[in-house]
>>> print(open('my_file.txt').read())   # compact mmCIF, C-alpha atoms
# COMPACT_ATOMS: atom_id res chain seq x y z
CA MET W 10 -46.32 3.17 -70.41
CA ALA W 11 -49.27 1.76 -68.50
CA TYR W 12 -49.39 -1.34 -66.33
CA TRP W 13 -52.06 -4.02 -66.27
CA LEU W 14 -52.97 -7.39 -64.80
CA ILE W 15 -54.42 -10.21 -66.90
CA LYS W 16 -55.87 -13.37 -65.40
CA SER W 17 -55.82 -16.90 -66.68
CA GLU W 18 -56.80 -20.17 -65.07
CA PRO W 19 -53.64 -22.28 -65.28
CA PHE W 20 -55.50 -25.43 -66.29
CA LYS W 21 -56.86 -23.51 -69.31
CA TYR W 22 -53.79 -21.42 -70.19
CA SER W 23 -50.78 -21.32 -67.90
CA TRP W 24 -47.70 -19.13 -67.86
CA ASP W 25 -45.65 -22.16 -68.95
CA GLN W 26 -47.90 -22.68 -71.98
CA PHE W 27 -47.66 -18.96 -72.77
CA VAL W 28 -43.85 -19.16 -72.73
CA LYS W 29 -43.93 -22.30 -74.88
CA ASP W 30 -46.24 -20.57 -77.40
CA GLY W 31 -44.06 -17.43 -77.52
CA SER W 32 -47.10 -15.16 -77.91
CA THR W 33 -50.87 -15.29 -77.75
CA PHE W 34 -53.96 -13.21 -78.29
CA TRP W 35 -56.12 -12.40 -75.27
CA ASP W 36 -59.64 -13.17 -76.41
CA GLY W 37 -62.97 -14.24 -75.02
CA VAL W 38 -63.35 -11.23 -72.71
CA ARG W 39 -67.08 -10.59 -72.30
CA ASN W 40 -67.11 -7.95 -69.58
CA TYR W 41 -67.36 -4.30 -70.63
CA ALA W 42 -64.91 -2.99 -68.00
CA ALA W 43 -62.32 -5.62 -68.94
CA ARG W 44 -62.94 -4.90 -72.63
CA ASN W 45 -62.37 -1.19 -72.04
CA ASN W 46 -59.07 -2.03 -70.33
CA LEU W 47 -58.03 -4.09 -73.37
CA ARG W 48 -58.93 -1.17 -75.63
CA ALA W 49 -56.78 1.17 -73.51
CA MET W 50 -53.65 -0.97 -73.82
CA LYS W 51 -50.82 0.34 -75.99
CA LYS W 52 -47.99 -1.52 -77.66
CA GLY W 53 -45.16 -1.88 -75.13
CA ASP W 54 -47.40 -1.80 -72.04
CA LEU W 55 -46.66 -4.47 -69.44
CA ALA W 56 -49.11 -6.74 -67.64
CA PHE W 57 -48.77 -9.03 -64.68
CA PHE W 58 -49.82 -12.58 -65.61
CA TYR W 59 -51.99 -13.88 -62.78
CA HIS W 60 -52.97 -17.51 -62.26
CA SER W 61 -56.58 -17.37 -61.08
CA ASN W 62 -58.78 -19.96 -59.35
CA GLU W 63 -55.81 -22.26 -58.69
CA GLY W 64 -52.45 -20.90 -57.66
CA LEU W 65 -53.82 -17.41 -57.00
CA GLU W 66 -50.50 -15.75 -57.76
CA ILE W 67 -48.75 -13.39 -60.13
CA VAL W 68 -46.17 -15.51 -61.93
CA GLY W 69 -44.82 -13.36 -64.75
CA ILE W 70 -44.96 -10.24 -66.88
CA ALA W 71 -46.45 -10.10 -70.37
CA LYS W 72 -45.85 -7.36 -72.94
CA VAL W 73 -48.45 -5.94 -75.33
CA ILE W 74 -47.25 -6.55 -78.90
CA LYS W 75 -50.46 -5.66 -80.77
CA GLU W 76 -53.15 -3.23 -79.67
CA SER W 77 -56.85 -4.10 -79.62
CA TYR W 78 -58.59 -5.51 -82.67
CA GLN W 79 -61.80 -7.40 -83.34
CA ASP W 80 -61.95 -10.57 -81.23
CA PRO W 81 -61.61 -13.43 -83.74
CA THR W 82 -63.78 -15.71 -81.58
CA THR W 83 -66.95 -13.68 -82.19
CA ASP W 84 -68.69 -11.68 -84.90
CA GLU W 85 -69.97 -9.20 -82.30
CA GLU W 86 -68.16 -5.90 -82.87
CA ALA W 87 -68.28 -5.02 -79.17
CA TRP W 88 -65.46 -7.42 -78.24
CA VAL W 89 -61.72 -7.08 -78.79
CA ALA W 90 -58.50 -9.03 -78.39
CA VAL W 91 -54.92 -7.92 -77.67
CA ASP W 92 -51.69 -9.76 -78.49
CA PHE W 93 -49.09 -10.44 -75.79
CA LYS W 94 -45.68 -12.05 -75.58
CA PRO W 95 -43.92 -13.27 -72.44
CA HIS W 96 -41.61 -10.60 -71.07
CA LYS W 97 -40.28 -12.10 -67.84
CA ARG W 98 -40.99 -14.83 -65.32
CA LEU W 99 -40.95 -13.39 -61.80
CA LYS W 100 -38.13 -14.59 -59.53
CA LYS W 101 -40.74 -15.47 -56.91
CA PRO W 102 -44.49 -15.69 -57.56
CA VAL W 103 -46.51 -13.15 -55.57
CA THR W 104 -49.56 -14.70 -53.98
CA LEU W 105 -52.95 -13.10 -53.45
CA ALA W 106 -52.40 -13.57 -49.70
CA GLN W 107 -49.16 -11.54 -49.89
CA ILE W 108 -50.93 -8.81 -51.82
CA LYS W 109 -53.80 -8.69 -49.33
CA SER W 110 -51.30 -8.42 -46.46
CA GLN W 111 -49.78 -5.22 -47.87
CA LYS W 112 -51.58 -2.10 -46.67
CA SER W 113 -50.18 -0.19 -49.67
CA LEU W 114 -52.00 -2.60 -52.00
CA SER W 115 -55.39 -2.50 -50.26
CA ASN W 116 -56.94 -0.48 -53.11
CA MET W 117 -55.44 -2.61 -55.89
CA ALA W 118 -58.07 -3.68 -58.44
CA LEU W 119 -57.12 -7.32 -57.80
CA ILE W 120 -58.57 -6.93 -54.30
CA ARG W 121 -61.39 -4.45 -54.98
CA LEU W 122 -62.56 -5.94 -58.29
CA GLY W 123 -61.55 -9.54 -57.78
CA ARG W 124 -63.62 -10.98 -60.62
CA LEU W 125 -62.41 -8.52 -63.29
CA SER W 126 -60.17 -10.44 -65.71
CA VAL W 127 -58.25 -7.46 -67.16
CA GLN W 128 -57.31 -4.72 -64.71
CA PRO W 129 -55.21 -1.58 -64.49
CA VAL W 130 -52.27 -1.53 -62.08
CA LEU W 131 -51.01 1.77 -60.66
CA ASP W 132 -47.30 2.60 -60.85
CA ALA W 133 -46.83 2.32 -57.07
CA GLU W 134 -48.68 -1.03 -57.03
CA TRP W 135 -46.47 -2.31 -59.85
CA THR W 136 -43.34 -1.37 -57.91
CA THR W 137 -44.58 -2.97 -54.68
CA VAL W 138 -45.46 -6.25 -56.41
CA LEU W 139 -42.05 -6.34 -58.09
CA GLN W 140 -40.40 -5.82 -54.70
CA LEU W 141 -42.46 -8.71 -53.26
CA ALA W 142 -41.25 -10.85 -56.18
CA GLY W 143 -37.62 -10.05 -55.39
CA GLU W 144 -37.15 -8.12 -58.63
CA LYS W 145 -34.84 -5.15 -59.03
CA ILE W 146 -36.77 -1.94 -59.59
>>> encode(input="my_file.txt", output="structure tokens")
Amino acid sequence: MAYWLIKSEPFKYSWDQFVKDGSTFWDGVRNYAARNNLRAMKKGDLAFFYHSNEGLEIVGIAKVIKESYQDPTTDEEAWVAVDFKPHKRLKKPVTLAQIKSQKSLSNMALIRLGRLSVQPVLDAEWTTVLQLAGEKI
């Protein structure tokens, strides 16, 4: 299993709306690196759900329920979507400031590639963020 981080602006699509919907497709990605990350996702992979621009915090975990397919919002074959369902709300949100304060997370894509909307998360980074959230590992 691989780990990921997906970003959403809460005023556009929040964790609470995601939970209410029960599942969603991640579409509209128009960055090649983010698209490649979507293509690499496998059913069962987990992704941190990050509120960007406002909040600036990881609030939950989403699970991949359908691997990449043609993005239904465009006819351009270059772009894909992936389906997710809510897996778990974190006990405590983990803020960007907390992440930046952890030396062990200094190379995390969230810090190095701040504008990338779909990012890989290394196993050790995943564990550290879960610890910051007060989750059992």
>>> closest_residue(input="my_file.txt", among="W:Ser126, W:Lys100, W:Asp30, W:Ser17", to="Asn45 of chain W", atoms="all atoms listed in the file")
W:Ser126
>>> closest_residue(input="my_file.txt", among="W:Lys112, W:Trp88, W:Phe93, W:Arg98", to="Ala42 of chain W", atoms="only C-alpha atoms")
W:Trp88
>>> atom_distance(input="my_file.txt", atom1="atom CA of Val89 of chain W", atom2="atom CA of Gln128 of chain W")
14.9 Å
>>> atom_distance(input="my_file.txt", atom1="atom CA of Ser110 of chain W", atom2="atom CA of Ala43 of chain W")
25.2 Å
>>> residues_around(input="my_file.txt", residues="Leu47 of chain W", least_positions_apart="2", cutoff="10 Å", atoms="all atoms listed in the file", output="PyMOL selection string")
chain W and resi 13+15+35-36+38+41-45+49-51+73+76-78+88-92+127-129
>>> atom_distance(input="my_file.txt", atom1="atom CA of Ile70 of chain W", atom2="atom CA of Gly123 of chain W")
18.9 Å
>>> residues_near_point(input="my_file.txt", point="(-42.2, -17.0, -52.2)", cutoff="10 Å", atoms="all atoms listed in the file", output="PyMOL selection string")
chain W and resi 100-104+107+141-143
>>> closest_residue(input="my_file.txt", among="W:Leu55, W:Arg39, W:Lys75, W:Thr83", to="Asp132 of chain W", atoms="only C-alpha atoms")
W:Leu55
>>> closest_residue(input="my_file.txt", among="W:Gly64, W:Thr82, W:Ile108, W:Ile74", to="Gly37 of chain W", atoms="all atoms listed in the file")
W:Thr82
>>> residues_around(input="my_file.txt", residues="Val28 of chain W", least_positions_apart="4", cutoff="8 Å", atoms="only C-alpha atoms", output="MDAnalysis selection string")
chainID W and resid 24 32 94:95
>>> closest_residue(input="my_file.txt", among="W:Tyr59, W:Phe27, W:Phe34, W:Phe20", to="His96 of chain W", atoms="all atoms listed in the file")
W:Phe27
>>> decode(input="my_file.txt", residues="segment 25-70 of chain W", atoms="N, CA and C atoms", output="short mmCIF file (atom, residue, chain, number, x, y, z; two decimals), in the first residue's frame")
data_model
loop_
_atom_site.label_atom_id
_atom_site.label_comp_id
_atom_site.auth_asym_id
_atom_site.auth_seq_id
_atom_site.Cartn_x
_atom_site.Cartn_y
_atom_site.Cartn_z
N ASP W 25 -15.90 17.74 5.84
CA ASP W 25 -17.28 17.50 6.27
C ASP W 25 -18.19 17.21 5.08
N GLN W 26 -18.01 17.93 3.98
CA GLN W 26 -18.81 17.66 2.79
C GLN W 26 -18.47 16.28 2.22
N PHE W 27 -17.20 15.93 2.23
CA PHE W 27 -16.74 14.62 1.77
C PHE W 27 -17.43 13.51 2.56
N VAL W 28 -17.46 13.65 3.89
CA VAL W 28 -18.10 12.66 4.75
C VAL W 28 -19.59 12.60 4.44
N LYS W 29 -20.21 13.75 4.28
CA LYS W 29 -21.65 13.80 3.95
C LYS W 29 -21.93 13.10 2.63
N ASP W 30 -21.05 13.31 1.63
CA ASP W 30 -21.24 12.70 0.31
C ASP W 30 -20.98 11.19 0.33
N GLY W 31 -20.10 10.74 1.21
CA GLY W 31 -19.79 9.31 1.30
C GLY W 31 -18.71 8.84 0.35
N SER W 32 -18.53 9.54 -0.75
CA SER W 32 -17.44 9.27 -1.70
C SER W 32 -17.41 10.42 -2.70
N THR W 33 -16.32 10.50 -3.43
CA THR W 33 -16.20 11.54 -4.46
C THR W 33 -15.15 11.12 -5.46
N PHE W 34 -15.15 11.78 -6.60
CA PHE W 34 -14.06 11.59 -7.54
C PHE W 34 -13.19 12.83 -7.51
N TRP W 35 -11.86 12.60 -7.54
CA TRP W 35 -10.89 13.68 -7.49
C TRP W 35 -10.59 14.06 -8.93
N ASP W 36 -11.11 15.19 -9.35
CA ASP W 36 -11.00 15.62 -10.74
C ASP W 36 -10.41 17.02 -10.81
N GLY W 37 -10.26 17.50 -12.01
CA GLY W 37 -9.80 18.87 -12.22
C GLY W 37 -8.32 19.08 -12.04
N VAL W 38 -7.55 18.02 -11.83
CA VAL W 38 -6.10 18.15 -11.66
C VAL W 38 -5.48 18.46 -13.02
N ARG W 39 -4.76 19.57 -13.12
CA ARG W 39 -4.17 19.99 -14.39
C ARG W 39 -2.68 20.27 -14.25
N ASN W 40 -2.03 19.46 -13.43
CA ASN W 40 -0.59 19.52 -13.23
C ASN W 40 -0.08 18.11 -13.51
N TYR W 41 0.95 18.00 -14.35
CA TYR W 41 1.42 16.68 -14.77
C TYR W 41 1.95 15.84 -13.61
N ALA W 42 2.68 16.45 -12.67
CA ALA W 42 3.20 15.69 -11.54
C ALA W 42 2.05 15.16 -10.67
N ALA W 43 1.06 16.01 -10.41
CA ALA W 43 -0.10 15.58 -9.63
C ALA W 43 -0.87 14.50 -10.38
N ARG W 44 -1.01 14.66 -11.69
CA ARG W 44 -1.69 13.66 -12.51
C ARG W 44 -0.98 12.32 -12.44
N ASN W 45 0.35 12.35 -12.51
CA ASN W 45 1.12 11.11 -12.43
C ASN W 45 0.93 10.43 -11.07
N ASN W 46 0.78 11.24 -10.01
CA ASN W 46 0.52 10.67 -8.70
C ASN W 46 -0.87 10.01 -8.67
N LEU W 47 -1.86 10.65 -9.28
CA LEU W 47 -3.18 10.03 -9.37
C LEU W 47 -3.10 8.71 -10.12
N ARG W 48 -2.37 8.68 -11.21
CA ARG W 48 -2.23 7.46 -12.01
C ARG W 48 -1.56 6.34 -11.23
N ALA W 49 -0.69 6.70 -10.29
CA ALA W 49 0.05 5.69 -9.51
C ALA W 49 -0.77 5.10 -8.36
N MET W 50 -1.88 5.72 -8.03
CA MET W 50 -2.68 5.25 -6.90
C MET W 50 -3.34 3.92 -7.23
N LYS W 51 -3.41 3.07 -6.21
CA LYS W 51 -4.03 1.75 -6.33
C LYS W 51 -5.19 1.66 -5.35
N LYS W 52 -6.17 0.86 -5.70
CA LYS W 52 -7.32 0.63 -4.84
C LYS W 52 -6.82 0.19 -3.46
N GLY W 53 -7.33 0.84 -2.42
CA GLY W 53 -6.91 0.52 -1.05
C GLY W 53 -5.86 1.45 -0.50
N ASP W 54 -5.16 2.21 -1.36
CA ASP W 54 -4.19 3.19 -0.87
C ASP W 54 -4.91 4.23 0.00
N LEU W 55 -4.15 4.81 0.92
CA LEU W 55 -4.70 5.84 1.81
C LEU W 55 -4.07 7.19 1.52
N ALA W 56 -4.87 8.24 1.74
CA ALA W 56 -4.39 9.61 1.47
C ALA W 56 -4.83 10.54 2.60
N PHE W 57 -3.89 11.33 3.08
CA PHE W 57 -4.27 12.39 4.00
C PHE W 57 -5.13 13.40 3.24
N PHE W 58 -6.17 13.91 3.87
CA PHE W 58 -7.04 14.93 3.31
C PHE W 58 -6.63 16.24 3.96
N TYR W 59 -6.07 17.14 3.16
CA TYR W 59 -5.48 18.38 3.64
C TYR W 59 -6.33 19.57 3.23
N HIS W 60 -6.71 20.39 4.20
CA HIS W 60 -7.41 21.64 3.91
C HIS W 60 -6.36 22.70 3.56
N SER W 61 -6.38 23.13 2.30
CA SER W 61 -5.40 24.12 1.85
C SER W 61 -6.00 25.53 1.85
N ASN W 62 -5.12 26.50 1.78
CA ASN W 62 -5.44 27.93 1.73
C ASN W 62 -6.10 28.46 3.00
N GLU W 63 -7.08 27.78 3.55
CA GLU W 63 -7.62 28.15 4.85
C GLU W 63 -7.64 26.88 5.70
N GLY W 64 -7.24 27.03 6.93
CA GLY W 64 -7.11 25.86 7.79
C GLY W 64 -5.70 25.34 7.80
N LEU W 65 -5.16 25.05 6.61
CA LEU W 65 -3.78 24.56 6.48
C LEU W 65 -3.50 23.42 7.45
N GLU W 66 -4.31 22.35 7.32
CA GLU W 66 -4.15 21.23 8.23
C GLU W 66 -4.67 19.95 7.59
N ILE W 67 -4.06 18.84 8.04
CA ILE W 67 -4.54 17.52 7.65
C ILE W 67 -5.66 17.17 8.62
N VAL W 68 -6.84 16.86 8.08
CA VAL W 68 -8.01 16.66 8.93
C VAL W 68 -8.53 15.22 8.91
N GLY W 69 -8.15 14.44 7.89
CA GLY W 69 -8.68 13.09 7.81
C GLY W 69 -7.89 12.23 6.85
N ILE W 70 -8.37 11.01 6.68
CA ILE W 70 -7.75 10.03 5.79
C ILE W 70 -8.81 9.55 4.82
#
